[in-house]
Amino acid sequence: MMRICILSEGSYPYVVGGVSSWVQMLMSGILEHEFSVYSIGAEQKDRGNFKYEFPQNFHGIQEEFLDEILGQRSHGMREGVLTPDECDVLYGLVTGERPIDVKELAGIFRVKGRFKGPLDIFMSADFFDVIERVYEEKYSYLPFTDFFWTMRSMLLPLFYLMQQELPKADVYHSVATGYCGVIGALAAEVYHKPYLITEHGIYSREREVEIIKCSWARGDFKSIWIQYFYNLAKLSYKAADHVYTLFERNAEIERDLGCDPAKIGIVPNGVHMERFADIPELEQHDGPFTIGAVVRVVPIKDIITLLRAFFLVKREIPDARLLIMGGTEEDPDYYALCRQTVEMLNIEDVTFTGSVNVTEYLPKIDLMVLSSISEGQPLAVLEGLSAHRPFVATDVGCCRELLYGMTGDDLGEAGTIVAPMDFRKMAYEIVRLGRDFELRRRMGNIGFERVKRRYTYEHFINSYKKIYEQEGKVVR
């Protein structure tokens with residue numbers, strides 16, 4: 001029996017969603033090994049607020065929250081605490097201009113008793129010289145005070161996490177390349193164990209999309225943050241023994257971002273098809289045309305575009321209704337914006353159900369929609385197709401592959417793809433499929449067959465059983 005440590009960030013076990021469901025299914029399906037979780041969350045108020053019931057082989061959880069950094073105190077300015085080589089390492093971490101070996105970070109942050117806290121490094125004269133060097137070489141046109149505080153906000157979470165207790169395990173398996181990717185690499189280095197990454201979406205790309213749209217960083221400070229997350233990804237890829245992703249398009253991006261192609265493998269998500277065995281294929285019926293979206297109400301899912309599309313759909317199909325099935329508590333401000341959009345556009349027949357048992361709702365649905373601006377291989381699409389429901393989905397992540405098939409797949413189309421944020425085209429496709437029952441029925445059946453051939457839970461679990469068995473034989 002091995003102990004496998006899953007490292008998560010902003011997801012399991014506090015947030016219900018695709019990545020969290022993947023973690024739960026993985027642990028529950030491989031009972032011959034023990035699992036622990038190292039989870040990075042945003043706020044301490046979430047401590048212990050778990051959305052999942054841990055399986056019987058769950059060994060424990062280490063919770064770290066980034067707002068704990070607010071309570072950190074400096075022990076005064078110190079000089080001569082970093083060697084010139086260590087300053088060069090941190091310069092490379094900030095700029096991304098040279099590959100960073102996680103062993104170099106371990107030499108700085110994991111020496112017992114060297115520093116009392118993350119501020120001791122950050123507020124040292126040596127590191128201040130590093131920041132000054134980066135500023136003068138690259139960002140001297142920006143206000144130095146703003147640049148310094150940006151560096152502080154960026155680096156303190158990482159410095160803090162790298163100095164906390166590291167979990168002990170036989171295999172480290174991170175679900176992202178961000179903070180949890182670096183911590184997984186660091187733990188594997190310290191304890192001389194294998195390190196794996198499974199990327200659902202491409203973490204650095206997702207952060208880029210969020211930062212471009214955010215209001216808390218402005219102008220060129222956005223580019224500083226974006227480059228930082230790409231730097232963390234490079235470090236994680238370099239340290240990993242293997243990097244798994246869900247589909248070929250993601251693998252291509254990982255290669256473009258500098259991941260060694262020899263490390264990359266593809267393991268698709270899987271779905272419990274038996275959960276949907278009692279849901280029949282689409283049937284003609286009286287009553288409203290029901291559109292469903294199984295989605296967390298957060299910006300990256302772009303509910304606003306969905307609502308704008310539905311506003312146009314109502315002009316063509318007046319009895320249409322929209323069920324948005326997913327948690328609303330993760331981003332209250334965005335949920336409020338969605339409600340305001342419904343009121344402003346005076347859209348009728350929109351229901352936010354909150355988190356639901358999708359198997360109870362899918363029989364009521366005539367057409368599913370996914371409006372995300374970024375995805376990996378969305379479980380919501382796999383589940384919808386398993387219930388014979390066709391989709392209108394944005395061209396993100398694996399959606400094109402799921403709906404249109406891979407090379408050699410002659411099944412046909414299980415729905416239709418539109419560009420992200422194109423609410424007019426989304427509305428057009430919803431109306432087109434809404435007026436053609438036979439097309440929807442045929443697409444739904446094609447999707448069901450595609451999932452049965454390639455995306456089952458059994459295939460997913462058996463793949464990771466083999467991966468863990470292989471990693472367990474590795475000696476570092």
# chains A, B, ... in the order shown; residues from 1 in each chain; ligands from 1
$ select_by_dssp --residues "stretch 228-349 of chain A" --states "helix (DSSP H, G or I)" --output "count of residues only"
58
$ residues_around --residues "A:Asn269" --least-positions-apart "4" --cutoff "7 Å" --atoms "only C-alpha atoms" --output "PyMOL selection string"
chain A and resi 246+377+455+460
$ residues_around --residues "stretch 318-331 of chain A" --least-positions-apart "6" --cutoff "10 Å" --atoms "only C-alpha atoms" --output "ChimeraX atom specification"
/A:14-17,287-299,303,306-307,310,312,347-358,361,364-365,367-369,431,434
$ select_by_dssp --residues "stretch 61-218 of chain A" --states "strand (DSSP E or B)" --output "list in words"
Ile61, Gln62, Glu63, Glu64, Phe65, Val171, Tyr172, His173, Ser174, Tyr195, Leu196, Ile197, Thr198 and Glu199 of chain A
$ write_last_selection --atoms "C-alpha atoms" --output "tab-separated table (two decimals), in the first residue's frame"
chain	number	residue	atom	x	y	z
A	61	ILE	CA	-5.79	16.75	5.11
A	62	GLN	CA	-3.34	19.61	5.57
A	63	GLU	CA	-5.08	22.96	5.08
A	64	GLU	CA	-3.13	26.09	4.21
A	65	PHE	CA	-4.79	29.46	3.63
A	171	VAL	CA	3.88	9.80	-4.35
A	172	TYR	CA	2.98	13.49	-4.77
A	173	HIS	CA	0.25	14.29	-7.28
A	174	SER	CA	-0.68	17.91	-7.97
A	195	TYR	CA	6.08	13.81	-8.43
A	196	LEU	CA	3.14	13.87	-10.88
A	197	ILE	CA	0.97	16.64	-12.26
A	198	THR	CA	-2.47	16.26	-13.81
A	199	GLU	CA	-3.65	19.46	-15.48
